[in-house]
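Data block below; observations after.
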Amino acid sequence: MSNHINDKGYYGEFGGAFIPEMLYQNVEELRQNYLKVMADDSFKRDFNKLLKDYVGRPSPLYFAKRLSEKYNTKIYLKREDLNHTGAHKINNTIGQILMAKHLGKSRIIAETGAGQHGVATATVCALTGLECIVYMGEVDIARQAPNVARMKMLGAEVRPALSGSRTLKDATNEAIRDWINNPTNTHYIIGSVVGPHPYPDMVARFQSVISEEIKWQLKEQEDTDTPDYLIACVGGGSNAAGAYFHYLDDNEVNLIAVEAAGLGIYSGESAATSALGEVGIIHGSKTLLMQSKDGQITEPYSISAGLDYPGVGPLHAHLYTSGRAEFISITDDEAMKAGLELCQLEGIIPAIETAHALAVFKQKDFKPTDICVVSLSGRGDKDLETYINYFKTDNGK
Ligand SMILES: *Cc1c(COP(=O)(O)O)cnc(C)c1O
C-alpha cells in the first residue's frame, strides 16, 4: 500500500477531513490550491530563498564521532537545531505564510500549546507583515511565559482560551471558531502533520526539505545517499515526516519513530500514542489517538512539551499499522539522560523532544557499519530550566 496521500486525502485508512460544514469552504479552497501553488515557480523561488537566507539552510548533516564510538555504529545528526528560531517548525511556517499570501490572505491565526509553534508563526508574520493572532490556553500562557513574551515582542496578539482545561485542545477550538467567522481573509497555520486534509500532506511537503538535503549530504560523506536507519521523535510527526519523506518508498531504509512514554507507557502519564492509541478522530483527521473506553480524549503527559500530544498524524498512524516504521517509546528519564549525554559527548544541548530520539541508542543495537541518521529537531535552550531542575535531584546518573 502506498505511503503517500491518495486523492481523497488518506494514507491507507487514516486521514480525511472530518470538519464542521461551516469550515468546508476554507479547507476546500486550500485543498484545491495547495499543490498548484507549491508547484508555482515564483512560490518555489521565494520559499527556497527564505529557507536559505532567513532560516539558514541547508542545515548541516554532522557526523557525531564520539557518540558513534560510544555506540559502535555510525551516527549522523541532521542539525535542525541550527535553524533560525531553533527547530524544524520554521520550515513549515515559512511555507504556509507564503501559501497564505498566494491565496490573498491578510490575517493569520494559529494555536499553540508550549508556544513553539506560536513563536514560529509570529516570526513569519513579522517577516511578511501579516496580522497574527495566536490562541493559547490560559493555563499554558502561565506555564510558558518566555514564549508568550517572544510572541508579543514579534508583534503577535496572544488570545487566551478560557474554556475547558484551558490548554491546547481548547486553544484549537477557539482557533477553529475564529476561522469559521473569518473565512475569506484568514489562513490557519497548523504546526504539524495533523488536522484535516490537505494539512498533513502540505506540512509534510514543506518539511521534506529535511530528507532532500540528507540525500545529497550523506552522499558527500559516504558512498551512498541511503541510510540504514532514520530516527526521529514524534509529537504530531512533522520532523519525522520531513526526515522520512524522500525515503518512504525505499524499503532498505528502516524508519524509527520515537514517542514519549512519560513516566512509563502504562503509568497513566504518557504520550505513547502507537502503544495506547485507538482509531478515532482528532483535529479533523482519522488517526490513532489516546482515548477512554467511551471515546473521550485522554490527557497526555510528557516532560517535553512538544511531544505532549494525544494523537499522531495520519501518515504515522499508517506507517505504524502497516509496519513500515518501527515505533519505540522512551520515558522521561531515558530522554533526559540521552540529552545530557549529547551535551557531554558532542557539545550540543538538544531539545528534550529530540533527546527522546537519541535515547534509542541505549534501547536497540546497531551494527558498526550501519549508517544512522537522527533528526536533531531542535535545540535545548528553551528547556534549560527543565534540565536544571531534573538533574538537581538526579545528577544524571
Ligand atoms: C514541536 C517539536 C517537536 C514535535 O513536533 P513534530 O511535529 O512531531 O515534529 C519535536 N521537536 C522539537 C524541537 C519541537 O519543537
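Ligands are numbered from 1 in the order shown, chains are lettered A, B, ... in the order of the C-alpha cells, and residues start at 1 in each chain.
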
Just asking: which residues within range 124-305 of chain A are strand (DSSP E) according to DSSP, as a PDB file with N, CA and C atoms, in the first residue's frame?
ATOM      1  N   GLU A 131      -1.012  40.230   9.854  1.00  0.00           N
ATOM      2  CA  GLU A 131      -1.568  40.244  11.205  1.00  0.00           C
ATOM      3  C   GLU A 131      -1.527  38.835  11.796  1.00  0.00           C
ATOM      4  N   CYS A 132      -1.224  38.728  13.080  1.00  0.00           N
ATOM      5  CA  CYS A 132      -1.024  37.408  13.695  1.00  0.00           C
ATOM      6  C   CYS A 132      -1.761  37.290  15.025  1.00  0.00           C
ATOM      7  N   ILE A 133      -2.652  36.309  15.111  1.00  0.00           N
ATOM      8  CA  ILE A 133      -3.356  36.042  16.360  1.00  0.00           C
ATOM      9  C   ILE A 133      -3.092  34.605  16.767  1.00  0.00           C
ATOM     10  N   VAL A 134      -2.564  34.433  17.961  1.00  0.00           N
ATOM     11  CA  VAL A 134      -2.233  33.090  18.439  1.00  0.00           C
ATOM     12  C   VAL A 134      -3.135  32.755  19.620  1.00  0.00           C
ATOM     13  N   TYR A 135      -3.890  31.677  19.498  1.00  0.00           N
ATOM     14  CA  TYR A 135      -4.739  31.199  20.594  1.00  0.00           C
ATOM     15  C   TYR A 135      -3.935  30.250  21.472  1.00  0.00           C
ATOM     16  N   MET A 136      -4.099  30.445  22.768  1.00  0.00           N
ATOM     17  CA  MET A 136      -3.316  29.650  23.718  1.00  0.00           C
ATOM     18  C   MET A 136      -4.134  29.491  24.990  1.00  0.00           C
ATOM     19  N   GLY A 137      -4.163  28.286  25.539  1.00  0.00           N
ATOM     20  CA  GLY A 137      -4.905  28.059  26.765  1.00  0.00           C
ATOM     21  C   GLY A 137      -4.361  28.938  27.892  1.00  0.00           C
ATOM     22  N   GLU A 157      -0.690  38.980  18.620  1.00  0.00           N
ATOM     23  CA  GLU A 157      -1.644  39.080  19.723  1.00  0.00           C
ATOM     24  C   GLU A 157      -1.867  37.667  20.257  1.00  0.00           C
ATOM     25  N   VAL A 158      -1.683  37.477  21.554  1.00  0.00           N
ATOM     26  CA  VAL A 158      -1.910  36.158  22.167  1.00  0.00           C
ATOM     27  C   VAL A 158      -3.264  36.191  22.860  1.00  0.00           C
ATOM     28  N   ARG A 159      -4.205  35.392  22.356  1.00  0.00           N
ATOM     29  CA  ARG A 159      -5.555  35.389  22.940  1.00  0.00           C
ATOM     30  C   ARG A 159      -5.744  34.156  23.805  1.00  0.00           C
ATOM     31  N   PRO A 160      -6.100  34.344  25.064  1.00  0.00           N
ATOM     32  CA  PRO A 160      -6.263  33.198  25.959  1.00  0.00           C
ATOM     33  C   PRO A 160      -7.548  32.406  25.670  1.00  0.00           C
ATOM     34  N   ALA A 161      -7.436  31.080  25.706  1.00  0.00           N
ATOM     35  CA  ALA A 161      -8.611  30.215  25.650  1.00  0.00           C
ATOM     36  C   ALA A 161      -9.018  29.925  27.099  1.00  0.00           C
ATOM     37  N   THR A 186      -8.558  35.039   6.202  1.00  0.00           N
ATOM     38  CA  THR A 186      -7.710  34.417   7.226  1.00  0.00           C
ATOM     39  C   THR A 186      -7.188  33.050   6.803  1.00  0.00           C
ATOM     40  N   HIS A 187      -5.910  32.808   7.063  1.00  0.00           N
ATOM     41  CA  HIS A 187      -5.339  31.465   6.917  1.00  0.00           C
ATOM     42  C   HIS A 187      -4.969  30.938   8.311  1.00  0.00           C
ATOM     43  N   TYR A 188      -5.264  29.674   8.534  1.00  0.00           N
ATOM     44  CA  TYR A 188      -4.981  28.999   9.799  1.00  0.00           C
ATOM     45  C   TYR A 188      -3.710  28.175   9.616  1.00  0.00           C
ATOM     46  N   TYR A 229      19.212   3.527   8.849  1.00  0.00           N
ATOM     47  CA  TYR A 229      18.149   3.913   9.794  1.00  0.00           C
ATOM     48  C   TYR A 229      17.929   5.423   9.759  1.00  0.00           C
ATOM     49  N   LEU A 230      16.672   5.810   9.827  1.00  0.00           N
ATOM     50  CA  LEU A 230      16.308   7.212  10.025  1.00  0.00           C
ATOM     51  C   LEU A 230      15.520   7.267  11.323  1.00  0.00           C
ATOM     52  N   ILE A 231      15.960   8.110  12.245  1.00  0.00           N
ATOM     53  CA  ILE A 231      15.394   8.114  13.597  1.00  0.00           C
ATOM     54  C   ILE A 231      14.886   9.513  13.917  1.00  0.00           C
ATOM     55  N   ALA A 232      13.644   9.613  14.358  1.00  0.00           N
ATOM     56  CA  ALA A 232      13.093  10.930  14.687  1.00  0.00           C
ATOM     57  C   ALA A 232      12.062  10.802  15.793  1.00  0.00           C
ATOM     58  N   CYS A 233      11.966  11.830  16.629  1.00  0.00           N
ATOM     59  CA  CYS A 233      10.911  11.859  17.632  1.00  0.00           C
ATOM     60  C   CYS A 233       9.594  12.259  16.963  1.00  0.00           C
ATOM     61  N   ASN A 254      15.314   1.758   7.165  1.00  0.00           N
ATOM     62  CA  ASN A 254      14.463   1.471   8.322  1.00  0.00           C
ATOM     63  C   ASN A 254      14.076   2.781   8.996  1.00  0.00           C
ATOM     64  N   LEU A 255      12.784   2.962   9.179  1.00  0.00           N
ATOM     65  CA  LEU A 255      12.288   4.186   9.806  1.00  0.00           C
ATOM     66  C   LEU A 255      11.990   3.907  11.277  1.00  0.00           C
ATOM     67  N   ILE A 256      12.538   4.718  12.151  1.00  0.00           N
ATOM     68  CA  ILE A 256      12.246   4.568  13.585  1.00  0.00           C
ATOM     69  C   ILE A 256      11.581   5.843  14.087  1.00  0.00           C
ATOM     70  N   ALA A 257      10.388   5.689  14.635  1.00  0.00           N
ATOM     71  CA  ALA A 257       9.627   6.809  15.192  1.00  0.00           C
ATOM     72  C   ALA A 257       9.654   6.679  16.711  1.00  0.00           C
ATOM     73  N   VAL A 258      10.004   7.754  17.374  1.00  0.00           N
ATOM     74  CA  VAL A 258      10.180   7.683  18.823  1.00  0.00           C
ATOM     75  C   VAL A 258       9.124   8.531  19.526  1.00  0.00           C
ATOM     76  N   GLU A 259       8.357   7.862  20.368  1.00  0.00           N
ATOM     77  CA  GLU A 259       7.288   8.551  21.105  1.00  0.00           C
ATOM     78  C   GLU A 259       7.677   8.719  22.566  1.00  0.00           C
ATOM     79  N   ALA A 260       6.954   9.621  23.233  1.00  0.00           N
ATOM     80  CA  ALA A 260       7.229   9.877  24.633  1.00  0.00           C
ATOM     81  C   ALA A 260       6.409   8.939  25.514  1.00  0.00           C
ATOM     82  N   ALA A 261       7.110   8.148  26.333  1.00  0.00           N
ATOM     83  CA  ALA A 261       6.415   7.257  27.263  1.00  0.00           C
ATOM     84  C   ALA A 261       6.202   7.917  28.621  1.00  0.00           C
ATOM     85  N   GLY A 262       6.628   9.161  28.765  1.00  0.00           N
ATOM     86  CA  GLY A 262       6.395   9.872  30.025  1.00  0.00           C
ATOM     87  C   GLY A 262       6.967   9.134  31.215  1.00  0.00           C
ATOM     88  N   GLU A 278      -6.125   4.220  19.858  1.00  0.00           N
ATOM     89  CA  GLU A 278      -7.152   3.508  19.103  1.00  0.00           C
ATOM     90  C   GLU A 278      -7.556   4.438  17.966  1.00  0.00           C
ATOM     91  N   VAL A 279      -8.212   3.853  16.974  1.00  0.00           N
ATOM     92  CA  VAL A 279      -8.661   4.669  15.851  1.00  0.00           C
ATOM     93  C   VAL A 279      -9.746   5.633  16.311  1.00  0.00           C
ATOM     94  N   GLY A 280      -9.588   6.875  15.945  1.00  0.00           N
ATOM     95  CA  GLY A 280     -10.590   7.875  16.302  1.00  0.00           C
ATOM     96  C   GLY A 280     -10.351   9.130  15.498  1.00  0.00           C
ATOM     97  N   ILE A 281     -11.098  10.159  15.818  1.00  0.00           N
ATOM     98  CA  ILE A 281     -10.967  11.407  15.072  1.00  0.00           C
ATOM     99  C   ILE A 281     -10.516  12.519  16.004  1.00  0.00           C
ATOM    100  N   ILE A 282      -9.423  13.170  15.612  1.00  0.00           N
ATOM    101  CA  ILE A 282      -8.928  14.312  16.377  1.00  0.00           C
ATOM    102  C   ILE A 282      -8.485  15.386  15.396  1.00  0.00           C
ATOM    103  N   SER A 285      -9.141  14.754  11.626  1.00  0.00           N
ATOM    104  CA  SER A 285      -8.446  13.698  10.904  1.00  0.00           C
ATOM    105  C   SER A 285      -8.659  12.359  11.608  1.00  0.00           C
ATOM    106  N   LYS A 286      -8.830  11.301  10.782  1.00  0.00           N
ATOM    107  CA  LYS A 286      -8.968   9.959  11.357  1.00  0.00           C
ATOM    108  C   LYS A 286      -7.578   9.382  11.575  1.00  0.00           C
ATOM    109  N   THR A 287      -7.282   9.044  12.816  1.00  0.00           N
ATOM    110  CA  THR A 287      -5.917   8.607  13.120  1.00  0.00           C
ATOM    111  C   THR A 287      -5.919   7.788  14.404  1.00  0.00           C
ATOM    112  N   LEU A 288      -4.733   7.509  14.942  1.00  0.00           N
ATOM    113  CA  LEU A 288      -4.649   6.844  16.234  1.00  0.00           C
ATOM    114  C   LEU A 288      -4.572   7.898  17.321  1.00  0.00           C
ATOM    115  N   LEU A 289      -5.376   7.723  18.360  1.00  0.00           N
ATOM    116  CA  LEU A 289      -5.302   8.658  19.470  1.00  0.00           C
ATOM    117  C   LEU A 289      -5.600   7.963  20.777  1.00  0.00           C
TER     118      LEU A 289
END

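Contact shell of range 78-87 of chain A at 6 Å (only C-alpha atoms; same-chain neighbours under 3 positions omitted): Val55, Gly56, Ser59, Pro60, Leu61, Ser375, Leu376, Ser377, Gly378 and Arg379 of chain A.
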
Please produce an output containing C-alpha atoms for each residue in the selection, written as a PDB file, in the first residue's frame.
ATOM      1  CA  VAL A  55      16.348  30.088   8.125  1.00  0.00           C
ATOM      2  CA  GLY A  56      19.995  29.350   7.297  1.00  0.00           C
ATOM      3  CA  SER A  59      21.230  22.621   7.917  1.00  0.00           C
ATOM      4  CA  PRO A  60      24.415  20.554   8.336  1.00  0.00           C
ATOM      5  CA  LEU A  61      24.470  16.757   8.396  1.00  0.00           C
ATOM      6  CA  SER A 375      16.707  14.216  13.086  1.00  0.00           C
ATOM      7  CA  LEU A 376      18.063  16.682  15.647  1.00  0.00           C
ATOM      8  CA  SER A 377      14.761  18.520  15.620  1.00  0.00           C
ATOM      9  CA  GLY A 378      15.606  21.386  17.961  1.00  0.00           C
ATOM     10  CA  ARG A 379      17.957  22.979  20.449  1.00  0.00           C
TER      11      ARG A 379
END

What does the list of residues within 6 Å of ligand 1 look like if you count only C-alpha atoms and all ligand atoms, written as a VMD selection string? chain A and resid 87 116 192 234 to 240 306 to 307 351 353 to 354 377 to 378

For a quick check of understanding, using only C-alpha atoms, which of A:Pro314, A:Gln207, A:Leu127, A:Ala114 has the smallest distance to Leu154 in chain A? A:Leu127

Using only C-alpha atoms, which residues sit within 8 Å of range 29-40 of chain A once same-chain residues fewer than 6 positions away are excluded, as a PyMOL selection string? chain A and resi 99+102+197-198+202

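Nearest residue to Thr224 in chain A, choosing from A:Gly155, A:Ala175, A:Asp294, A:Val253 and counting only C-alpha atoms: A:Val253.
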
Applying 12 Å and only C-alpha atoms, which residues near range 359-364 of chain A remain after dropping the ones on its own chain fewer than 6 positions away? List them as a PyMOL selection string. chain A and resi 67-75+229-233+256-261+326-342+350+352-353+372-374

From a DSSP pass on the backbone, collect the residues of range 112-353 of chain A flagged as helix (DSSP H, G or I) and hand them back as a ChimeraX atom specification. /A:116-128,138-143,145-153,168-181,199-207,209-221,238-247,273-276,305-307,314-321,332-346,352-353

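Minimum distance to Leu345 in chain A across A:Lys105, A:Lys65, A:Arg150, A:His316 (counting only C-alpha atoms) occurs at A:Lys65.
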
Restricting to only C-alpha atoms, whichever of A:Val139, A:Ile190, A:Val148, A:Leu51 is closest to Ser165 in chain A is A:Val139

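One finds CA of Cys125 in chain A at 9.1 Å from CA of Ile94 in chain A.
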
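Interatomic distance, CA of Glu28 in chain A against CA of Lys8 in chain A: 12.0 Å.
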
Got a sec: who's within 6 Å of range 9-11 of chain A, counting only C-alpha atoms, leaving out chain neighbours fewer than 4 positions off, as a VMD selection string? chain A and resid 5 15 to 16 197 315

Go ahead and save the picked residues with all heavy atoms, as a compact mmCIF listing (two decimals), in the first residue's frame.
# COMPACT_ATOMS: atom_id res chain seq x y z
N ILE A 5 -0.19 10.20 0.25
CA ILE A 5 -1.60 10.54 0.36
C ILE A 5 -2.32 10.17 -0.94
O ILE A 5 -1.76 10.29 -2.02
CB ILE A 5 -1.72 12.06 0.67
CG1 ILE A 5 -3.07 12.38 1.29
CG2 ILE A 5 -1.50 12.91 -0.57
CD1 ILE A 5 -2.97 12.70 2.74
N GLY A 15 -6.63 9.60 7.86
CA GLY A 15 -6.60 10.93 7.26
C GLY A 15 -8.00 11.46 7.03
O GLY A 15 -8.87 11.39 7.89
N GLY A 16 -8.22 12.03 5.84
CA GLY A 16 -9.52 12.60 5.53
C GLY A 16 -9.69 13.98 6.12
O GLY A 16 -8.76 14.58 6.65
N HIS A 197 -7.23 16.96 5.89
CA HIS A 197 -6.61 17.05 4.57
C HIS A 197 -6.96 18.42 3.98
O HIS A 197 -8.10 18.83 4.08
CB HIS A 197 -7.16 15.93 3.68
CG HIS A 197 -6.62 15.96 2.27
ND1 HIS A 197 -5.29 15.83 2.00
CD2 HIS A 197 -7.25 16.15 1.08
CE1 HIS A 197 -5.12 15.91 0.69
NE2 HIS A 197 -6.28 16.11 0.10
N LEU A 315 -0.30 10.04 8.60
CA LEU A 315 0.82 9.33 7.95
C LEU A 315 1.46 8.36 8.95
O LEU A 315 1.72 7.20 8.63
CB LEU A 315 1.87 10.33 7.44
CG LEU A 315 3.22 9.73 7.04
CD1 LEU A 315 3.08 8.75 5.87
CD2 LEU A 315 4.23 10.82 6.70

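Distances to His88 in chain A were evaluated for A:Leu384, A:Ala243, A:Ala149, A:Val194 using only C-alpha atoms, and the minimum falls at A:Ala243.
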